[in-house]
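One file, my_file.cif, is given below (mmCIF, C-alpha atoms).
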data_entry
#
loop_
_atom_site.group_PDB
_atom_site.id
_atom_site.type_symbol
_atom_site.label_atom_id
_atom_site.label_comp_id
_atom_site.auth_asym_id
_atom_site.auth_seq_id
_atom_site.Cartn_x
_atom_site.Cartn_y
_atom_site.Cartn_z
ATOM 1 C CA PRO A 292 33.908 66.390 39.501
ATOM 2 C CA LEU A 293 33.571 62.648 39.904
ATOM 3 C CA ALA A 294 29.793 62.754 39.361
ATOM 4 C CA GLU A 295 30.359 64.082 35.820
ATOM 5 C CA THR A 296 32.523 61.126 34.817
ATOM 6 C CA LEU A 297 32.111 57.469 33.930
ATOM 7 C CA LEU A 298 34.471 54.534 33.981
ATOM 8 C CA PRO A 299 35.078 53.139 30.470
ATOM 9 C CA GLY A 300 32.840 50.219 29.577
ATOM 10 C CA ALA A 301 29.071 50.190 29.197
ATOM 11 C CA ILE A 302 28.677 53.782 27.943
ATOM 12 C CA VAL A 303 32.090 55.296 27.288
ATOM 13 C CA PRO A 304 34.151 53.059 24.961
ATOM 14 C CA VAL A 305 37.269 51.493 26.372
ATOM 15 C CA ASP A 306 39.128 52.307 23.138
ATOM 16 C CA GLY A 307 38.644 56.049 23.618
ATOM 17 C CA SER A 308 36.811 56.470 20.308
ATOM 18 C CA ARG A 309 34.350 59.008 21.781
ATOM 19 C CA ASP A 310 33.408 60.890 24.943
ATOM 20 C CA THR A 311 36.948 60.946 26.290
ATOM 21 C CA ALA A 312 36.156 64.101 28.268
ATOM 22 C CA VAL A 313 33.697 62.088 30.374
ATOM 23 C CA ALA A 314 35.843 58.971 30.731
ATOM 24 C CA VAL A 315 38.040 58.374 33.747
ATOM 25 C CA ASP A 316 41.610 57.742 32.567
ATOM 26 C CA THR A 317 41.991 54.294 34.100
ATOM 27 C CA ALA A 318 45.626 54.027 33.072
ATOM 28 C CA TYR A 319 46.558 57.270 34.817
ATOM 29 C CA HIS A 320 44.401 56.466 37.867
ATOM 30 C CA ARG A 321 45.285 52.778 37.996
ATOM 31 C CA GLY A 322 46.414 53.019 41.605
ATOM 32 C CA GLU A 323 43.271 54.848 42.760
ATOM 33 C CA LEU A 324 40.577 52.903 40.887
ATOM 34 C CA GLU A 325 39.313 51.039 43.936
ATOM 35 C CA ILE A 326 39.077 54.286 45.888
ATOM 36 C CA LEU A 327 37.228 55.928 42.988
ATOM 37 C CA ARG A 328 34.777 53.034 42.894
ATOM 38 C CA LEU A 329 34.187 53.346 46.631
ATOM 39 C CA LEU A 330 33.467 57.037 46.083
ATOM 40 C CA GLY A 331 30.825 56.170 43.478
ATOM 41 C CA ALA A 332 32.651 55.933 40.152
ATOM 42 C CA ASP A 333 30.960 53.459 37.810
ATOM 43 C CA GLN A 334 30.487 52.577 34.136
ATOM 44 C CA SER A 335 26.801 53.529 34.151
ATOM 45 C CA PRO A 336 24.007 54.778 36.406
ATOM 46 C CA THR A 337 23.093 52.323 39.145
ATOM 47 C CA ASP A 338 20.110 52.054 41.450
ATOM 48 C CA GLY A 339 20.715 53.300 44.985
ATOM 49 C CA PHE A 340 22.929 56.268 44.097
ATOM 50 C CA PRO A 341 22.664 59.006 46.788
ATOM 51 C CA VAL A 342 20.560 61.926 45.610
ATOM 52 C CA ASP A 343 22.734 64.471 47.436
ATOM 53 C CA LYS A 344 25.803 63.377 45.453
ATOM 54 C CA ASP A 345 24.220 63.954 42.036
ATOM 55 C CA PRO A 346 24.625 67.571 40.801
ATOM 56 C CA PHE A 347 21.884 66.977 38.257
ATOM 57 C CA VAL A 348 19.354 66.480 41.031
ATOM 58 C CA SER A 349 20.322 69.877 42.460
ATOM 59 C CA GLU A 350 19.296 71.520 39.193
ATOM 60 C CA TYR A 351 16.139 69.407 39.094
ATOM 61 C CA ARG A 352 15.309 70.429 42.669
ATOM 62 C CA ASN A 353 15.781 74.114 41.867
ATOM 63 C CA HIS A 354 13.501 73.772 38.856
ATOM 64 C CA CYS A 355 10.796 72.054 40.907
ATOM 65 C CA ILE A 356 10.967 74.486 43.831
ATOM 66 C CA ASP A 357 10.774 77.459 41.477
ATOM 67 C CA LYS A 358 7.684 75.979 39.827
ATOM 68 C CA TYR A 359 6.182 75.132 43.230
ATOM 69 C CA LEU A 360 6.602 78.681 44.557
ATOM 70 C CA ARG A 361 5.226 80.300 41.412
ATOM 71 C CA GLU A 362 2.081 78.180 41.647
ATOM 72 C CA LEU A 363 1.293 78.943 45.300
ATOM 73 C CA PRO A 364 -1.910 80.945 45.858
ATOM 74 C CA PRO A 365 -1.205 84.687 46.061
ATOM 75 C CA GLY A 366 -1.328 86.405 49.421
ATOM 76 C CA GLY A 367 -0.186 83.441 51.500
ATOM 77 C CA SER A 368 3.094 82.695 53.211
ATOM 78 C CA THR A 369 6.052 81.397 51.218
ATOM 79 C CA PRO A 370 8.233 78.539 52.461
ATOM 80 C CA GLN A 371 11.986 78.907 52.693
ATOM 81 C CA TRP A 372 13.774 77.456 49.671
ATOM 82 C CA HIS A 373 16.131 75.337 51.768
ATOM 83 C CA SER A 374 13.214 73.786 53.661
ATOM 84 C CA MET A 375 11.709 72.130 50.591
ATOM 85 C CA VAL A 376 12.711 68.471 50.287
ATOM 86 C CA PHE A 377 11.882 65.400 48.219
ATOM 87 C CA ASP A 378 10.606 62.070 49.502
ATOM 88 C CA ARG A 379 13.639 60.237 48.080
ATOM 89 C CA GLU A 380 17.212 59.746 49.280
ATOM 90 C CA ASN A 381 18.451 57.441 46.516
ATOM 91 C CA HIS A 382 17.770 56.904 42.825
ATOM 92 C CA ALA A 383 19.331 55.464 39.671
ATOM 93 C CA GLY A 384 22.320 57.709 39.090
ATOM 94 C CA PRO A 385 24.361 59.690 38.735
ATOM 95 C CA LEU A 386 22.471 61.544 36.001
ATOM 96 C CA GLU A 387 24.999 64.359 35.634
ATOM 97 C CA PRO A 388 27.190 62.648 32.978
ATOM 98 C CA LEU A 389 24.255 62.607 30.542
ATOM 99 C CA ARG A 390 24.664 66.326 29.865
ATOM 100 C CA HIS A 391 28.304 65.935 28.833
ATOM 101 C CA LEU A 392 28.042 63.019 26.404
ATOM 102 C CA SER A 393 27.791 62.860 22.618
ATOM 103 C CA ASP A 394 24.488 61.817 21.018
ATOM 104 C CA SER A 395 25.682 58.227 20.799
ATOM 105 C CA GLY A 396 26.864 58.340 24.390
ATOM 106 C CA ARG A 397 23.550 59.812 25.521
ATOM 107 C CA ALA A 398 21.662 57.023 23.767
ATOM 108 C CA SER A 399 23.801 54.410 25.548
ATOM 109 C CA PHE A 400 23.361 56.222 28.855
ATOM 110 C CA VAL A 401 19.575 56.254 28.475
ATOM 111 C CA GLU A 402 19.544 52.540 27.663
ATOM 112 C CA THR A 403 21.415 51.713 30.862
ATOM 113 C CA LEU A 404 19.397 54.221 32.903
ATOM 114 C CA ILE A 405 16.125 52.629 31.797
ATOM 115 C CA LYS A 406 17.427 49.205 32.819
ATOM 116 C CA ALA A 407 18.664 50.530 36.175
ATOM 117 C CA THR A 408 15.499 52.441 37.075
ATOM 118 C CA THR A 409 13.152 50.379 39.215
ATOM 119 C CA ASP A 410 10.831 53.192 40.316
ATOM 120 C CA TRP A 411 9.426 55.572 37.692
ATOM 121 C CA ARG A 412 6.861 57.146 40.014
ATOM 122 C CA PRO A 413 6.786 60.941 40.430
ATOM 123 C CA TRP A 414 8.791 62.507 43.255
ATOM 124 C CA THR A 415 6.918 64.465 45.919
ATOM 125 C CA LEU A 416 8.212 67.892 46.965
ATOM 126 C CA GLN A 417 7.205 68.907 50.469
ATOM 127 C CA HIS A 418 8.216 71.152 53.351
ATOM 128 C CA ALA A 419 10.582 69.427 55.748
ATOM 129 C CA THR A 420 8.567 70.354 58.863
ATOM 130 C CA GLN A 421 5.519 72.499 58.058
ATOM 131 C CA ARG A 422 2.461 70.539 56.941
ATOM 132 C CA LYS A 423 0.541 73.741 56.165
ATOM 133 C CA TYR A 424 2.341 73.869 52.836
ATOM 134 C CA PRO A 425 0.845 71.450 50.293
ATOM 135 C CA SER A 426 2.988 68.745 48.785
ATOM 136 C CA LYS A 427 3.326 68.554 45.014
ATOM 137 C CA ALA A 428 4.304 65.709 42.685
ATOM 138 C CA PHE A 429 6.839 66.148 39.879
ATOM 139 C CA VAL A 430 8.067 63.758 37.208
ATOM 140 C CA SER A 431 11.120 61.893 38.475
ATOM 141 C CA PRO A 432 14.660 63.166 37.747
ATOM 142 C CA ALA A 433 15.161 60.199 35.412
ATOM 143 C CA VAL A 434 12.186 61.258 33.281
ATOM 144 C CA TRP A 435 13.256 64.917 33.416
ATOM 145 C CA ALA A 436 16.794 63.984 32.395
ATOM 146 C CA ILE A 437 15.781 61.748 29.497
ATOM 147 C CA THR A 438 13.215 64.163 28.061
ATOM 148 C CA GLY A 439 15.519 67.155 28.430
ATOM 149 C CA TYR A 440 18.940 65.726 27.583
ATOM 150 C CA GLY A 441 18.493 62.121 26.483
ATOM 151 C CA ARG A 442 18.642 60.429 23.117
ATOM 152 C CA LEU A 443 16.940 57.222 21.987
ATOM 153 C CA ARG A 444 18.120 54.583 19.531
ATOM 154 C CA THR A 445 15.320 53.873 17.083
ATOM 155 C CA SER A 446 14.650 52.079 13.831
ATOM 156 C CA ARG A 447 15.769 55.255 12.034
ATOM 157 C CA GLY A 448 18.780 56.165 14.125
ATOM 158 C CA ILE A 449 19.327 58.241 17.241
ATOM 159 C CA VAL A 450 16.647 60.849 17.971
ATOM 160 C CA VAL A 451 15.482 63.124 20.787
ATOM 161 C CA PRO A 452 12.646 61.491 22.768
ATOM 162 C CA ARG A 453 9.908 63.818 21.489
ATOM 163 C CA ARG A 454 10.469 62.504 17.935
ATOM 164 C CA ALA A 455 10.210 58.818 18.860
ATOM 165 C CA TRP A 456 7.263 56.501 18.166
ATOM 166 C CA GLY A 457 6.484 53.620 20.519
ATOM 167 C CA PRO A 458 6.793 49.898 19.761
ATOM 168 C CA GLY A 459 3.096 49.797 18.883
ATOM 169 C CA PHE A 460 4.139 51.268 15.521
ATOM 170 C CA ARG A 461 6.846 48.685 14.829
ATOM 171 C CA ARG A 462 5.249 47.920 11.437
ATOM 172 C CA TRP A 463 6.262 51.400 10.263
ATOM 173 C CA GLY A 464 9.850 51.245 11.480
ATOM 174 C CA ASP A 465 11.236 51.969 7.999
ATOM 175 C CA ILE A 466 9.267 55.218 7.844
ATOM 176 C CA VAL A 467 9.251 56.534 11.421
ATOM 177 C CA PRO A 468 11.737 56.298 14.338
ATOM 178 C CA VAL A 469 10.337 53.464 16.466
ATOM 179 C CA ALA A 470 11.888 53.034 19.915
ATOM 180 C CA ASP A 471 11.674 49.493 21.276
ATOM 181 C CA LEU A 472 11.237 50.322 24.970
ATOM 182 C CA PRO A 473 9.356 48.678 27.852
ATOM 183 C CA GLU A 474 5.811 49.812 28.620
ATOM 184 C CA GLU A 475 6.601 51.780 31.794
ATOM 185 C CA PRO A 476 9.226 54.153 30.335
ATOM 186 C CA ILE A 477 7.131 54.536 27.170
ATOM 187 C CA ARG A 478 4.280 55.816 29.338
ATOM 188 C CA ARG A 479 6.401 57.934 31.672
ATOM 189 C CA LEU A 480 8.305 59.557 28.795
ATOM 190 C CA SER A 481 5.032 60.312 26.962
ATOM 191 C CA ILE A 482 6.172 58.496 23.829
ATOM 192 C CA PRO A 483 3.101 57.864 21.649
ATOM 193 C CA ASN A 484 2.152 54.219 21.310
ATOM 194 C CA VAL A 485 -1.326 54.517 19.771
ATOM 195 C CA VAL A 486 -2.612 56.690 16.929
ATOM 196 C CA THR A 487 -4.485 59.135 19.154
ATOM 197 C CA GLU A 488 -1.257 60.023 20.992
ATOM 198 C CA LEU A 489 0.617 61.140 17.873
ATOM 199 C CA THR A 490 1.198 64.874 17.452
ATOM 200 C CA ALA A 491 1.175 66.997 14.311
ATOM 201 C CA GLU A 492 4.984 67.008 14.534
ATOM 202 C CA HIS A 493 5.064 63.195 14.406
ATOM 203 C CA TRP A 494 2.825 63.116 11.335
ATOM 204 C CA SER A 495 4.735 65.884 9.578
ATOM 205 C CA GLU A 496 8.032 64.046 9.993
ATOM 206 C CA ALA A 497 6.451 60.765 8.872
ATOM 207 C CA PHE A 498 5.086 62.329 5.688
ATOM 208 C CA ARG A 499 8.507 63.847 4.933
ATOM 209 C CA SER A 500 10.062 60.407 5.296
ATOM 210 C CA LEU A 501 7.375 58.786 3.142
ATOM 211 C CA ALA A 502 8.030 61.394 0.426
ATOM 212 C CA VAL A 503 11.204 59.537 -0.612
ATOM 213 C CA SER A 504 9.793 56.012 -0.502
ATOM 214 C CA THR A 505 9.564 53.939 -3.685
ATOM 215 C CA ASP A 506 7.619 51.055 -2.144
ATOM 216 C CA ASP A 507 4.057 51.288 -3.484
ATOM 217 C CA ALA A 508 2.667 48.947 -0.824
ATOM 218 C CA VAL A 509 4.235 50.927 2.033
ATOM 219 C CA ILE A 510 3.084 54.243 0.565
ATOM 220 C CA GLY A 511 -0.526 53.139 0.227
ATOM 221 C CA ASP A 512 -0.651 51.302 3.531
ATOM 222 C CA PHE A 513 0.815 54.215 5.465
ATOM 223 C CA TYR A 514 -1.642 56.720 4.005
ATOM 224 C CA ALA A 515 -4.474 54.328 4.900
ATOM 225 C CA PHE A 516 -3.073 54.127 8.418
ATOM 226 C CA ALA A 517 -2.737 57.923 8.630
ATOM 227 C CA ALA A 518 -6.380 58.317 7.619
ATOM 228 C CA GLN A 519 -7.320 56.862 11.031
ATOM 229 C CA SER A 520 -6.095 60.025 12.711
ATOM 230 C CA SER A 521 -7.765 63.413 12.937
ATOM 231 C CA ASN A 522 -4.627 65.064 11.620
ATOM 232 C CA ALA A 523 -4.996 67.161 8.466
ATOM 233 C CA PRO A 524 -3.709 65.424 5.303
ATOM 234 C CA PRO A 525 -0.510 66.772 3.753
ATOM 235 C CA ASP A 526 -0.733 69.263 0.886
ATOM 236 C CA LEU A 527 1.160 66.819 -1.338
ATOM 237 C CA ILE A 528 1.239 63.025 -1.178
ATOM 238 C CA ARG A 529 3.664 60.446 -2.525
ATOM 239 C CA CYS A 530 2.288 58.506 -5.458
ATOM 240 C CA ARG A 531 3.186 56.368 -8.448
ATOM 241 C CA THR A 532 3.289 58.231 -11.770
ATOM 242 C CA GLY A 533 4.231 55.939 -14.621
ATOM 243 C CA ASP A 534 7.676 54.439 -14.044
ATOM 244 C CA THR A 535 8.580 56.800 -11.230
ATOM 245 C CA HIS A 536 7.221 58.436 -8.072
ATOM 246 C CA ASP A 537 6.495 62.049 -7.280
ATOM 247 C CA GLN A 538 4.457 64.384 -5.102
ATOM 248 C CA GLN A 539 0.957 65.399 -6.125
ATOM 249 C CA SER A 540 -2.035 67.155 -4.614
ATOM 250 C CA PRO A 541 -4.434 64.554 -3.167
ATOM 251 C CA SER A 542 -7.137 65.802 -5.527
ATOM 252 C CA ASN A 543 -4.999 64.741 -8.501
ATOM 253 C CA VAL A 544 -4.306 61.209 -7.239
ATOM 254 C CA VAL A 545 -6.417 58.127 -7.943
ATOM 255 C CA VAL A 546 -6.624 55.666 -5.038
ATOM 256 C CA THR A 547 -7.382 52.026 -5.796
ATOM 257 C CA ALA A 548 -7.360 48.741 -3.903
ATOM 258 C CA SER A 549 -7.064 46.747 -7.143
ATOM 259 C CA ASN A 550 -3.622 45.655 -8.301
ATOM 260 C CA GLU A 551 -4.946 45.333 -11.845
ATOM 261 C CA ALA A 552 -6.335 48.876 -11.834
ATOM 262 C CA PHE A 553 -3.119 50.174 -10.268
ATOM 263 C CA ARG A 554 -1.053 48.626 -13.085
ATOM 264 C CA ALA A 555 -3.366 50.155 -15.685
ATOM 265 C CA LEU A 556 -3.045 53.597 -14.069
ATOM 266 C CA ARG A 557 0.720 53.200 -13.985
ATOM 267 C CA ASP A 558 0.800 52.325 -17.703
ATOM 268 C CA LEU A 559 -1.304 55.420 -18.425
ATOM 269 C CA GLY A 560 1.013 57.612 -16.339
ATOM 270 C CA LYS A 561 -1.813 58.639 -14.007
ATOM 271 C CA PRO A 562 -0.823 59.601 -10.428
ATOM 272 C CA SER A 563 -2.074 56.767 -8.241
ATOM 273 C CA VAL A 564 -1.785 55.103 -4.847
ATOM 274 C CA LEU A 565 -2.436 51.451 -4.179
#

Rewrite the coordinates I just gave you, this time as C-alpha cells.
Amino acid sequence: PLAETLLPGAIVPVDGSRDTAVAVDTAYHRGELEILRLLGADQSPTDGFPVDKDPFVSEYRNHCIDKYLRELPPGGSTPQWHSMVFDRENHAGPLEPLRHLSDSGRASFVETLIKATTDWRPWTLQHATQRKYPSKAFVSPAVWAITGYGRLRTSRGIVVPRRAWGPGFRRWGDIVPVADLPEEPIRRLSIPNVVTELTAEHWSEAFRSLAVSTDDAVIGDFYAFAAQSSNAPPDLIRCRTGDTHDQQSPSNVVVTASNEAFRALRDLGKPSVL
C-alpha cells in the first residue's frame, strides 16, 4: 500500500543502504512519480495528510474506541462502533511507514514528524450524532505512534522514547541518553526534563552507565546530583580505589570535597569519591 511507503530522501536513503522495503523504487516508477505524488507519496510525513488515508490512524481509532467502551458506566446504552468519530480530518502523516522502518529509519521519521507536527493537542472521540454519549480526549496519533513505535536520537545513540532524558539534563549527556527536543514534544511524550520526573528505570540505567566511567569528577558530580532525588541509592557505587576504579558498597566509600584529601585516599588505596 502507498501509505506504507516513502520516497527516497529525508528518511529512506537514496543510495538504498537501508529500509529498501519501505522505499518507492523511483527508477522503476519513473513514469508514474508525479501521479504517486498526487496520490500522497512523499519523503516524510507532512502536515495536512488526510486521516482516512492513514492505516495507522485506523488502528489508533480502534484502540481508542475499545478503551472508550470499556470505561463507560455499566448498565447504560452502548454506542455503535462505526458512529464514533474524532474531531480531526487531517494531521501530520502518514504515520504507517514508522512501523516498517529500521531503528535508524524510525529515528529519522520521528525527527521529521516532530518538525511537521503543528498541533500536539489530544484528539477528542465523540459520537457523530448523539450528544448523550460523553466525549473523551486521547493523546494524538503522533504521540501514540512515537511512544509505541518511535526511536529517538540521543547523546548515547538511538533509544526508545521511555529511556530518553530531556534537554534539561544536557550536562549528563555522556552518562545518560539526552534527547535534544523542543519543549512541546518533550512534554507530550512524557520525557523527563526535571529530577522529579525521572523513574527508577532511568536511574538504574544511569547507574549502570556510570559504573564504567573513569572520570572522577563526573562520578562524584553525578552521585551528588542523584542525591537530589528520592530514588534509593544503588547497592554498589563507582569509586576510585588506588590507581583504578571499582564498585563498592556505599558504606565502604569515603566521600570528600577536598582534592588534597582525595589524592591522599587514592595513595592509600581507600575507596573514595570526590

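Minimum distance to A:Asn381 across A:Val342, A:Gln538, A:Pro365, A:Gln417 (counting all atoms listed in the file) occurs at A:Val342.
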
Selection result of the PyMOL selection byres ((chain A and resi 507) around 9) on this file, as a VMD selection string = chain A and resid 504 to 506 508 to 512 530 to 531 564 to 565

Identify the residues around (19.2, 52.1, 30.0) within a radius of 10 Å, measuring from all atoms listed in the file in the coordinates stated by the file, and give them as a ChimeraX atom specification.
-> /A:302,335-337,397-408,443,472

Tell me, as a PyMOL selection string, which residues lie within 10 Å of A:Arg412, counting only C-alpha atoms; anything in the same chain fewer than 5 positions away does not count.
-> chain A and resi 428-431+433-434+475+479

Determine, counting all atoms listed in the file, which protein, DNA and RNA residues have an atom within 8 Å of an atom of stretch 541-543 of chain A; residues of the same chain fewer than 4 positions away are not included. Present the result as number ranges by chain.
-> A: 526-528, 562

Ref. answer, residues at most 12 Å from (23.7, 58.3, 40.8) with all atoms listed in the file, as JSON, numbers by chain = {"A": [293, 294, 295, 296, 297, 330, 331, 332, 333, 334, 335, 336, 337, 338, 339, 340, 341, 342, 343, 344, 345, 346, 347, 348, 380, 381, 382, 383, 384, 385, 386, 387, 388, 389, 404, 407, 408, 432, 433]}

List the residues selected by the PyMOL selection byres ((chain A and resi 521) around 12) in the file shown, writing them as a ChimeraX atom specification.
-> /A:486-491,494,516-520,522-524

Complete the atom set of stretch 413-424 of chain A to N, CA, C and O atoms and return it as a short mmCIF file (atom, residue, chain, number, x, y, z; two decimals), keeping the file's coordinate frame.
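Result file is result-v5.cif:
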data_model
loop_
_atom_site.label_atom_id
_atom_site.label_comp_id
_atom_site.auth_asym_id
_atom_site.auth_seq_id
_atom_site.Cartn_x
_atom_site.Cartn_y
_atom_site.Cartn_z
N PRO A 413 6.41 59.54 40.18
CA PRO A 413 6.79 60.94 40.43
C PRO A 413 7.40 61.11 41.82
O PRO A 413 7.13 60.33 42.74
N TRP A 414 8.23 62.14 41.96
CA TRP A 414 8.79 62.51 43.26
C TRP A 414 7.89 63.57 43.89
O TRP A 414 7.36 64.44 43.20
N THR A 415 7.76 63.51 45.20
CA THR A 415 6.92 64.46 45.92
C THR A 415 7.79 65.50 46.62
O THR A 415 8.67 65.15 47.42
N LEU A 416 7.52 66.77 46.31
CA LEU A 416 8.21 67.89 46.96
C LEU A 416 7.34 68.37 48.12
O LEU A 416 6.14 68.60 47.96
N GLN A 417 7.96 68.52 49.28
CA GLN A 417 7.20 68.91 50.47
C GLN A 417 8.09 69.71 51.42
O GLN A 417 9.32 69.69 51.31
N HIS A 418 7.46 70.41 52.34
CA HIS A 418 8.22 71.15 53.35
C HIS A 418 8.74 70.16 54.39
O HIS A 418 8.06 69.20 54.76
N ALA A 419 9.95 70.38 54.84
CA ALA A 419 10.58 69.43 55.75
C ALA A 419 9.85 69.30 57.07
O ALA A 419 9.83 68.22 57.68
N THR A 420 9.20 70.40 57.54
CA THR A 420 8.57 70.35 58.86
C THR A 420 7.14 70.89 58.88
O THR A 420 6.33 70.47 59.71
N GLN A 421 6.81 71.83 58.00
CA GLN A 421 5.52 72.50 58.06
C GLN A 421 4.50 71.82 57.13
O GLN A 421 4.64 71.86 55.92
N ARG A 422 3.47 71.22 57.74
CA ARG A 422 2.46 70.54 56.94
C ARG A 422 1.43 71.50 56.33
O ARG A 422 0.61 71.11 55.51
N LYS A 423 1.50 72.78 56.72
CA LYS A 423 0.54 73.74 56.16
C LYS A 423 0.81 74.01 54.69
O LYS A 423 -0.07 74.50 53.98
N TYR A 424 2.03 73.70 54.25
CA TYR A 424 2.34 73.87 52.84
C TYR A 424 2.01 72.58 52.09
O TYR A 424 2.42 71.49 52.51
#
